[in-house]
file structure-v6.json (JSON, C-alpha atoms)
[["chain", "number", "residue", "atom", "x", "y", "z"],
["A", 1, "MET", "CA", 19.49, -14.07, -7.05],
["A", 2, "LYS", "CA", 21.51, -14.73, -3.97],
["A", 3, "ARG", "CA", 20.86, -16.70, -0.84],
["A", 4, "ALA", "CA", 20.74, -13.44, 1.12],
["A", 5, "ASP", "CA", 17.75, -12.36, -0.98],
["A", 6, "PHE", "CA", 15.75, -15.34, 0.15],
["A", 7, "VAL", "CA", 16.77, -14.75, 3.76],
["A", 8, "LEU", "CA", 15.68, -11.10, 3.47],
["A", 9, "ALA", "CA", 12.34, -11.89, 1.79],
["A", 10, "GLY", "CA", 11.78, -14.71, 4.27],
["A", 11, "ALA", "CA", 12.49, -12.38, 7.19],
["A", 12, "ILE", "CA", 9.93, -9.83, 5.92],
["A", 13, "LEU", "CA", 7.31, -12.53, 5.41],
["A", 14, "LEU", "CA", 8.06, -13.97, 8.85],
["A", 15, "LEU", "CA", 7.66, -10.52, 10.40],
["A", 16, "ALA", "CA", 4.34, -10.15, 8.59],
["A", 17, "GLY", "CA", 3.29, -13.58, 9.82],
["A", 18, "ILE", "CA", 4.16, -12.75, 13.42],
["A", 19, "LEU", "CA", 2.28, -9.44, 13.22],
["A", 20, "LEU", "CA", -0.71, -11.22, 11.73],
["A", 21, "TYR", "CA", -0.65, -13.80, 14.51],
["A", 22, "VAL", "CA", -0.36, -11.16, 17.23],
["A", 23, "ASN", "CA", -3.18, -9.12, 15.72],
["A", 24, "THR", "CA", -5.64, -11.87, 15.06],
["A", 25, "THR", "CA", -8.60, -10.62, 16.97],
["A", 26, "LYS", "CA", -10.97, -12.96, 18.63],
["A", 27, "SER", "CA", -14.54, -12.98, 17.51],
["A", 28, "ILE", "CA", -16.62, -10.57, 19.52],
["A", 29, "ALA", "CA", -19.10, -12.30, 21.77],
["A", 30, "GLY", "CA", -22.20, -10.67, 23.13],
["A", 31, "ARG", "CA", -23.49, -7.35, 21.88],
["A", 32, "ALA", "CA", -21.50, -5.72, 19.12],
["A", 33, "GLU", "CA", -21.67, -2.28, 17.61],
["A", 34, "LEU", "CA", -20.67, -0.70, 14.36],
["A", 35, "VAL", "CA", -18.59, 2.38, 15.16],
["A", 36, "ILE", "CA", -18.36, 4.95, 12.38],
["A", 37, "THR", "CA", -15.62, 7.55, 12.49],
["A", 38, "LEU", "CA", -15.78, 10.53, 10.14],
["A", 39, "ASP", "CA", -12.80, 12.85, 9.81],
["A", 40, "GLY", "CA", -11.30, 11.67, 13.09],
["A", 41, "GLU", "CA", -14.46, 12.16, 15.10],
["A", 42, "GLU", "CA", -17.01, 9.59, 16.11],
["A", 43, "PHE", "CA", -20.01, 9.83, 13.80],
["A", 44, "GLY", "CA", -22.20, 7.26, 15.48],
["A", 45, "ARG", "CA", -22.62, 3.80, 17.02],
["A", 46, "TYR", "CA", -25.12, 1.32, 15.66],
["A", 47, "ASP", "CA", -26.29, -1.99, 17.03],
["A", 48, "LEU", "CA", -24.97, -4.75, 14.81],
["A", 49, "SER", "CA", -28.04, -6.90, 15.30],
["A", 50, "LEU", "CA", -30.36, -4.31, 13.74],
["A", 51, "ASP", "CA", -30.33, -4.13, 9.96],
["A", 52, "ALA", "CA", -29.88, -0.56, 8.80],
["A", 53, "GLU", "CA", -28.73, 1.67, 6.01],
["A", 54, "ILE", "CA", -26.69, 4.59, 7.27],
["A", 55, "ARG", "CA", -25.81, 7.72, 5.34],
["A", 56, "ILE", "CA", -22.42, 9.02, 6.46],
["A", 57, "GLY", "CA", -22.16, 12.74, 5.79],
["A", 58, "ASP", "CA", -22.69, 13.65, 2.15],
["A", 59, "HIS", "CA", -20.28, 11.16, 0.67],
["A", 60, "ALA", "CA", -21.03, 7.58, 1.57],
["A", 61, "VAL", "CA", -23.61, 5.03, 2.61],
["A", 62, "CYS", "CA", -22.99, 1.86, 4.57],
["A", 63, "ARG", "CA", -25.30, -1.01, 5.38],
["A", 64, "ILE", "CA", -25.76, -3.46, 8.23],
["A", 65, "ARG", "CA", -27.35, -6.73, 7.17],
["A", 66, "ASN", "CA", -27.34, -10.02, 9.05],
["A", 67, "GLU", "CA", -24.70, -8.66, 11.45],
["A", 68, "ARG", "CA", -22.38, -7.86, 8.57],
["A", 69, "VAL", "CA", -21.34, -4.41, 7.47],
["A", 70, "SER", "CA", -20.39, -3.19, 4.02],
["A", 71, "MET", "CA", -19.92, 0.16, 2.35],
["A", 72, "THR", "CA", -22.56, 0.37, -0.36],
["A", 73, "GLU", "CA", -21.98, 3.80, -1.82],
["A", 74, "SER", "CA", -19.13, 6.27, -1.88],
["A", 75, "ASP", "CA", -18.15, 9.13, -4.14],
["A", 76, "CYS", "CA", -14.41, 8.62, -3.66],
["A", 77, "PRO", "CA", -12.36, 8.12, -6.83],
["A", 78, "ASP", "CA", -11.02, 4.60, -6.33],
["A", 79, "ARG", "CA", -14.00, 3.16, -4.38],
["A", 80, "LEU", "CA", -11.69, 0.80, -2.53],
["A", 81, "CYS", "CA", -14.05, 1.00, 0.45],
["A", 82, "VAL", "CA", -17.03, -0.21, -1.59],
["A", 83, "HIS", "CA", -14.98, -3.11, -2.92],
["A", 84, "SER", "CA", -13.66, -4.02, 0.53],
["A", 85, "ALA", "CA", -14.82, -7.29, 2.02],
["A", 86, "GLU", "CA", -17.71, -7.19, 4.48],
["A", 87, "ILE", "CA", -16.82, -6.99, 8.13],
["A", 88, "GLY", "CA", -18.57, -8.71, 10.99],
["A", 89, "ARG", "CA", -18.01, -10.06, 14.47],
["A", 90, "SER", "CA", -14.61, -11.42, 13.58],
["A", 91, "GLY", "CA", -13.32, -7.87, 13.48],
["A", 92, "GLY", "CA", -11.60, -5.96, 10.72],
["A", 93, "ALA", "CA", -12.41, -2.55, 9.39],
["A", 94, "ILE", "CA", -13.41, -0.76, 6.23],
["A", 95, "VAL", "CA", -11.53, 2.45, 5.57],
["A", 96, "CYS", "CA", -12.25, 5.14, 3.02],
["A", 97, "LEU", "CA", -9.17, 7.36, 3.02],
["A", 98, "PRO", "CA", -10.42, 10.04, 0.60],
["A", 99, "ASN", "CA", -13.60, 10.58, 2.62],
["A", 100, "LYS", "CA", -11.85, 9.93, 5.94],
["A", 101, "ILE", "CA", -14.36, 7.33, 7.05],
["A", 102, "ILE", "CA", -13.57, 4.32, 9.24],
["A", 103, "LEU", "CA", -16.06, 1.53, 9.89],
["A", 104, "LYS", "CA", -15.13, -0.71, 12.79],
["A", 105, "ILE", "CA", -16.87, -3.36, 14.86],
["A", 106, "GLU", "CA", -16.52, -3.14, 18.62],
["A", 107, "GLY", "CA", -17.92, -5.17, 21.47],
["A", 108, "THR", "CA", -19.96, -3.26, 24.01],
["A", 109, "GLY", "CA", -18.68, -5.36, 26.86],
["A", 110, "GLN", "CA", -22.20, -6.44, 27.73],
["A", 111, "THR", "CA", -23.27, -9.97, 27.09],
["A", 112, "ALA", "CA", -26.67, -10.56, 25.65],
["A", 113, "PRO", "CA", -29.17, -11.80, 28.22],
["A", 114, "ASP", "CA", -29.87, -15.52, 28.06],
["A", 115, "ALA", "CA", -33.44, -14.89, 29.06],
["A", 116, "ILE", "CA", -35.33, -11.97, 30.36],
["A", 117, "ALA", "CA", -37.04, -12.58, 33.61],
["A", 118, "GLY", "CA", -40.40, -11.02, 33.62],
["B", 1, "MET", "CA", 33.60, 14.64, -23.75],
["B", 2, "GLY", "CA", 32.29, 15.75, -20.38],
["B", 3, "ALA", "CA", 29.46, 17.72, -22.00],
["B", 4, "ASP", "CA", 28.49, 14.80, -24.25],
["B", 5, "HIS", "CA", 28.45, 12.48, -21.31],
["B", 6, "ASN", "CA", 26.09, 14.78, -19.45],
["B", 7, "THR", "CA", 23.74, 15.19, -22.39],
["B", 8, "GLY", "CA", 23.53, 11.46, -22.85],
["B", 9, "LYS", "CA", 22.70, 11.01, -19.21],
["B", 10, "ILE", "CA", 19.97, 13.64, -19.29],
["B", 11, "ALA", "CA", 18.42, 11.89, -22.28],
["B", 12, "TYR", "CA", 18.54, 8.55, -20.49],
["B", 13, "LEU", "CA", 17.00, 10.00, -17.35],
["B", 14, "GLY", "CA", 14.20, 11.60, -19.38],
["B", 15, "LEU", "CA", 13.56, 8.34, -21.17],
["B", 16, "MET", "CA", 13.39, 6.44, -17.92],
["B", 17, "THR", "CA", 11.12, 9.00, -16.29],
["B", 18, "ALA", "CA", 8.75, 8.59, -19.24],
["B", 19, "LEU", "CA", 8.99, 4.84, -18.90],
["B", 20, "ALA", "CA", 8.25, 4.99, -15.18],
["B", 21, "ALA", "CA", 5.24, 7.24, -15.79],
["B", 22, "LEU", "CA", 4.04, 4.88, -18.50],
["B", 23, "MET", "CA", 4.34, 1.91, -16.15],
["B", 24, "GLY", "CA", 2.23, 3.81, -13.66],
["B", 25, "TYR", "CA", -0.42, 4.32, -16.32],
["B", 26, "VAL", "CA", -0.34, 0.68, -17.43],
["B", 27, "GLU", "CA", -0.84, -0.25, -13.81],
["B", 28, "LEU", "CA", -3.97, 1.88, -13.59],
["B", 29, "LEU", "CA", -5.43, -0.13, -16.46],
["B", 30, "LEU", "CA", -4.79, -3.45, -14.76],
["B", 31, "PRO", "CA", -7.53, -4.76, -12.53],
["B", 32, "THR", "CA", -5.78, -4.96, -9.19],
["B", 33, "GLY", "CA", -6.91, -4.93, -5.63],
["B", 34, "LEU", "CA", -7.52, -8.56, -4.71],
["B", 35, "GLY", "CA", -9.54, -7.15, -1.83],
["B", 36, "ILE", "CA", -6.41, -5.62, -0.35],
["B", 37, "PRO", "CA", -6.67, -1.84, -0.11],
["B", 38, "GLY", "CA", -3.86, -0.19, -1.96],
["B", 39, "PHE", "CA", -2.39, -3.33, -3.45],
["B", 40, "LYS", "CA", -0.44, -2.67, -6.62],
["B", 41, "LEU", "CA", 2.19, -4.48, -8.59],
["B", 42, "GLY", "CA", 4.45, -1.44, -8.49],
["B", 43, "LEU", "CA", 5.63, -1.88, -12.05],
["B", 44, "CYS", "CA", 7.29, 1.54, -12.04],
["B", 45, "ASN", "CA", 9.56, 0.15, -9.42],
["B", 46, "ILE", "CA", 11.26, -1.92, -12.11],
["B", 47, "VAL", "CA", 12.45, 1.35, -13.63],
["B", 48, "ILE", "CA", 13.45, 2.78, -10.25],
["B", 49, "VAL", "CA", 15.46, -0.29, -9.24],
["B", 50, "PHE", "CA", 17.04, -0.37, -12.67],
["B", 51, "ALA", "CA", 18.03, 3.30, -12.33],
["B", 52, "LEU", "CA", 19.40, 2.64, -8.86],
["B", 53, "TYR", "CA", 21.79, 0.04, -10.25],
["B", 54, "PHE", "CA", 22.46, 1.63, -13.62],
["B", 55, "PHE", "CA", 23.03, 5.21, -12.41],
["B", 56, "GLY", "CA", 22.84, 5.62, -8.65],
["B", 57, "THR", "CA", 20.72, 6.74, -5.73],
["B", 58, "ALA", "CA", 20.39, 10.41, -6.68],
["B", 59, "GLU", "CA", 19.27, 9.61, -10.23],
["B", 60, "ALA", "CA", 16.80, 6.98, -9.02],
["B", 61, "ALA", "CA", 15.38, 9.51, -6.54],
["B", 62, "LEU", "CA", 14.97, 12.08, -9.32],
["B", 63, "ILE", "CA", 13.13, 9.67, -11.59],
["B", 64, "SER", "CA", 11.00, 8.39, -8.72],
["B", 65, "THR", "CA", 9.92, 11.86, -7.60],
["B", 66, "ALA", "CA", 9.24, 13.03, -11.14],
["B", 67, "ARG", "CA", 7.07, 10.05, -11.97],
["B", 68, "VAL", "CA", 5.06, 10.35, -8.72],
["B", 69, "LEU", "CA", 4.31, 13.98, -9.58],
["B", 70, "ILE", "CA", 3.47, 13.20, -13.23],
["B", 71, "ILE", "CA", 1.18, 10.28, -12.47],
["B", 72, "GLY", "CA", -0.29, 12.06, -9.46],
["B", 73, "PHE", "CA", -1.26, 15.21, -11.34],
["B", 74, "MET", "CA", -2.50, 13.33, -14.39],
["B", 75, "PHE", "CA", -4.62, 10.65, -12.75],
["B", 76, "GLY", "CA", -4.63, 11.06, -8.98],
["B", 77, "ASN", "CA", -5.31, 13.65, -6.36],
["B", 78, "LEU", "CA", -3.20, 15.62, -3.95],
["B", 79, "SER", "CA", -3.47, 13.21, -1.05],
["B", 80, "GLY", "CA", -2.51, 10.39, -3.42],
["B", 81, "ILE", "CA", 0.66, 12.26, -4.33],
["B", 82, "LEU", "CA", 1.47, 12.69, -0.67],
["B", 83, "TYR", "CA", 1.13, 8.96, 0.00],
["B", 84, "SER", "CA", 3.18, 8.08, -3.05],
["B", 85, "LEU", "CA", 5.95, 10.53, -2.23],
["B", 86, "PHE", "CA", 6.18, 9.25, 1.31],
["B", 87, "GLY", "CA", 6.11, 5.62, 0.19],
["B", 88, "SER", "CA", 8.63, 6.03, -2.59],
["B", 89, "ALA", "CA", 11.00, 7.99, -0.35],
["B", 90, "CYS", "CA", 10.90, 5.19, 2.23],
["B", 91, "ALA", "CA", 11.42, 2.57, -0.46],
["B", 92, "LEU", "CA", 14.33, 4.40, -2.00],
["B", 93, "ALA", "CA", 16.05, 4.97, 1.34],
["B", 94, "VAL", "CA", 15.78, 1.29, 2.23],
["B", 95, "MET", "CA", 16.87, 0.13, -1.22],
["B", 96, "ALA", "CA", 19.86, 2.48, -1.36],
["B", 97, "LEU", "CA", 21.02, 1.27, 2.06],
["B", 98, "LEU", "CA", 20.60, -2.41, 1.23],
["B", 99, "LYS", "CA", 22.34, -1.97, -2.11],
["B", 100, "LYS", "CA", 25.27, -0.35, -0.33],
["B", 101, "THR", "CA", 25.77, -3.41, 1.89],
["B", 102, "GLY", "CA", 26.54, -5.41, -1.24],
["B", 103, "ILE", "CA", 25.06, -8.60, 0.18],
["B", 104, "PHE", "CA", 21.85, -8.58, -1.82],
["B", 105, "SER", "CA", 20.96, -8.83, -5.49],
["B", 106, "PRO", "CA", 18.41, -6.42, -7.02],
["B", 107, "ALA", "CA", 15.68, -8.99, -6.24],
["B", 108, "GLY", "CA", 16.20, -8.79, -2.48],
["B", 109, "VAL", "CA", 16.70, -5.03, -2.59],
["B", 110, "SER", "CA", 13.46, -4.63, -4.56],
["B", 111, "ALA", "CA", 11.52, -6.92, -2.21],
["B", 112, "ALA", "CA", 12.57, -4.86, 0.80],
["B", 113, "GLY", "CA", 11.81, -1.69, -1.16],
["B", 114, "GLY", "CA", 8.29, -2.88, -1.95],
["B", 115, "SER", "CA", 7.62, -3.63, 1.70],
["B", 116, "ALA", "CA", 9.09, -0.29, 2.76],
["B", 117, "HIS", "CA", 6.96, 1.51, 0.18],
["B", 118, "ASN", "CA", 3.76, -0.01, 1.53],
["B", 119, "ALA", "CA", 4.77, 0.48, 5.15],
["B", 120, "GLY", "CA", 5.61, 4.12, 4.39],
["B", 121, "GLN", "CA", 2.23, 4.70, 2.79],
["B", 122, "LEU", "CA", 0.50, 3.14, 5.75],
["B", 123, "VAL", "CA", 2.41, 5.40, 8.13],
["B", 124, "CYS", "CA", 1.39, 8.37, 5.99],
["B", 125, "ALA", "CA", -2.25, 7.25, 6.04],
["B", 126, "TYR", "CA", -2.06, 6.86, 9.80],
["B", 127, "LEU", "CA", -0.65, 10.37, 10.20],
["B", 128, "LEU", "CA", -3.47, 11.81, 8.08],
["B", 129, "LEU", "CA", -6.21, 9.74, 9.63],
["B", 130, "PRO", "CA", -5.29, 8.35, 13.05],
["B", 131, "GLY", "CA", -7.60, 5.54, 13.97],
["B", 132, "ILE", "CA", -7.16, 3.39, 10.90],
["B", 133, "PRO", "CA", -6.33, -0.17, 11.97],
["B", 134, "PHE", "CA", -2.59, 0.24, 11.44],
["B", 135, "ALA", "CA", -1.55, -3.09, 12.90],
["B", 136, "GLY", "CA", -4.27, -4.92, 11.01],
["B", 137, "TYR", "CA", -3.10, -3.70, 7.63],
["B", 138, "LEU", "CA", 0.66, -3.88, 8.17],
["B", 139, "PRO", "CA", 1.14, -7.66, 7.75],
["B", 140, "VAL", "CA", -0.95, -7.76, 4.58],
["B", 141, "LEU", "CA", 0.83, -4.79, 3.06],
["B", 142, "LEU", "CA", 4.28, -6.09, 4.02],
["B", 143, "THR", "CA", 3.57, -9.43, 2.39],
["B", 144, "ALA", "CA", 2.10, -7.90, -0.76],
["B", 145, "GLY", "CA", 4.99, -5.43, -1.07],
["B", 146, "CYS", "CA", 7.57, -8.14, -0.54],
["B", 147, "LEU", "CA", 6.15, -10.49, -3.16],
["B", 148, "ALA", "CA", 5.50, -7.79, -5.76],
["B", 149, "GLY", "CA", 8.96, -6.34, -5.08],
["B", 150, "LEU", "CA", 10.60, -9.73, -5.49],
["B", 151, "LEU", "CA", 8.88, -10.18, -8.84],
["B", 152, "ASN", "CA", 9.94, -6.71, -9.99],
["B", 153, "GLY", "CA", 13.47, -7.37, -8.81],
["B", 154, "ILE", "CA", 13.74, -10.58, -10.83],
["B", 155, "ILE", "CA", 12.55, -8.69, -13.92],
["B", 156, "THR", "CA", 15.10, -5.95, -13.17],
["B", 157, "ILE", "CA", 17.92, -8.49, -12.97],
["B", 158, "ALA", "CA", 16.93, -9.79, -16.40],
["B", 159, "ILE", "CA", 16.89, -6.26, -17.82],
["B", 160, "LEU", "CA", 20.22, -5.30, -16.24],
["B", 161, "LYS", "CA", 21.85, -8.40, -17.68],
["B", 162, "ARG", "CA", 20.81, -7.37, -21.19],
["B", 163, "VAL", "CA", 21.37, -3.63, -20.96],
["B", 164, "ARG", "CA", 24.65, -3.46, -19.03],
["B", 165, "PRO", "CA", 26.84, -4.55, -21.95],
["B", 166, "TYR", "CA", 25.57, -1.58, -23.95],
["B", 167, "ALA", "CA", 26.05, 0.93, -21.19],
["B", 168, "TYR", "CA", 27.86, 4.07, -22.27],
["B", 169, "ALA", "CA", 29.25, 4.35, -18.77],
["B", 170, "LYS", "CA", 30.31, 1.82, -16.16]]

call {"tool": "encode", "arguments": {"input": "structure-v6.json", "output": "structure tokens"}}
result
Amino acid sequence: MKRADFVLAGAILLLAGILLYVNTTKSIAGRAELVITLDGEEFGRYDLSLDAEIRIGDHAVCRIRNERVSMTESDCPDRLCVHSAEIGRSGGAIVCLPNKIILKIEGTGQTAPDAIAG
Amino acid sequence: MGADHNTGKIAYLGLMTALAALMGYVELLLPTGLGIPGFKLGLCNIVIVFALYFFGTAEAALISTARVLIIGFMFGNLSGILYSLFGSACALAVMALLKKTGIFSPAGVSAAGGSAHNAGQLVCAYLLLPGIPFAGYLPVLLTAGCLAGLLNGIITIAILKRVRPYAYAK
């Protein structure tokens, strides 16, 4: 191996590090929603604070539990989506490429009320 | 002489295509993932990088394309083939260019190739399904590709060192 190899590998890793730093999303405060996209179109929005099991088309099922989302069932061949880590308020996404499903968490922009005046 | 030379080369290329396809199969048996979507060791890349140095760009491209089609039709699906073709084409282009500069050893070339392969696949995925978190995946895939590529490159250097003396050409 040559010195240039280390420089090259280091440069790629540095680039990855910078991209990671730039992309680190802040945790979503206030109300958050699970946004499901199926085949490029929005399939539905679901309140993250309500536990639910959602059937997406004929191919997959995802679950919201304790403000965390995971794909529980999918008929895709590699099932990478089912094995993906849970996502929550800290952002991230679960993607199932074969079924063209994207699960994403988005803030609604509204903050939860501290108290409701009655 | 010329005819013999050609026959020998065809045999070598066939052998290496089989080897690359076999590596792809071995890789399917290995439990990979590590929670990273699409993470693979890219063992077939050892054969591709070896071919790149032993024969040249055109031969490496032939072997690469053939093995993507073989593995794809045997174990994968059509969209998988598309990703792989796109990724391997990106990797090969980057590796051929870097090799031409003459500054890098196969390890560095392979590391850049691994990153380019993953980046290419991500671009392909984005084209097929816009909306995937492109920027979120890129750093992870670049890092994984770079490290796996570096490892493959080091193995390739070891192989080249042992095989070169027996080369019928060069």

call {"tool": "atom_distance", "arguments": {"input": "structure-v6.json", "atom1": "CA of Leu8 (chain A)", "atom2": "CA of His117 (chain B)"}}
result
15.7 Å

call {"tool": "interface_residues", "arguments": {"input": "structure-v6.json", "of": "chain A", "to": "chain B", "cutoff": "12 Å", "atoms": "only C-alpha atoms", "output": "number ranges by chain"}}
result
A: 1-25, 35-42, 76-86, 91-105

call {"tool": "closest_residue", "arguments": {"input": "structure-v6.json", "among": "B:Pro165, B:Thr7, B:Cys90, B:Ser64", "to": "Leu52 (chain B)", "atoms": "all atoms listed in the file"}}
result
B:Ser64

call {"tool": "atom_distance", "arguments": {"input": "structure-v6.json", "atom1": "CA of Lys9 (chain B)", "atom2": "CA of Val49 (chain B)"}}
result
16.7 Å

call {"tool": "atom_distance", "arguments": {"input": "structure-v6.json", "atom1": "CA of Gly56 (chain B)", "atom2": "CA of Lys161 (chain B)"}}
result
16.7 Å

call {"tool": "closest_residue", "arguments": {"input": "structure-v6.json", "among": "B:Ala18, B:Leu98, B:Leu160, B:Ala119", "to": "Ile70 (chain B)", "atoms": "all atoms listed in the file"}}
result
B:Ala18

call {"tool": "axis_aligned_box", "arguments": {"input": "structure-v6.json", "around": "region 120-127 of chain B", "padding_each_side": "6 Å", "output": "AutoDock Vina command-line options"}}
result
--center_x 1.7 --center_y 6.8 --center_z 6.5 --size_x 19.9 --size_y 19.2 --size_z 19.4

call {"tool": "closest_residue", "arguments": {"input": "structure-v6.json", "among": "B:Thr101, B:Asn45, B:Ser84, B:Thr156", "to": "Val123 (chain B)", "atoms": "all atoms listed in the file"}}
result
B:Ser84

call {"tool": "residues_near_point", "arguments": {"input": "structure-v6.json", "point": "(-26.6, -7.5, 8.3)", "cutoff": "12 Å", "atoms": "all atoms listed in the file", "output": "ChimeraX atom specification"}}
result
/A:33-34,46-53,62-71,86-89
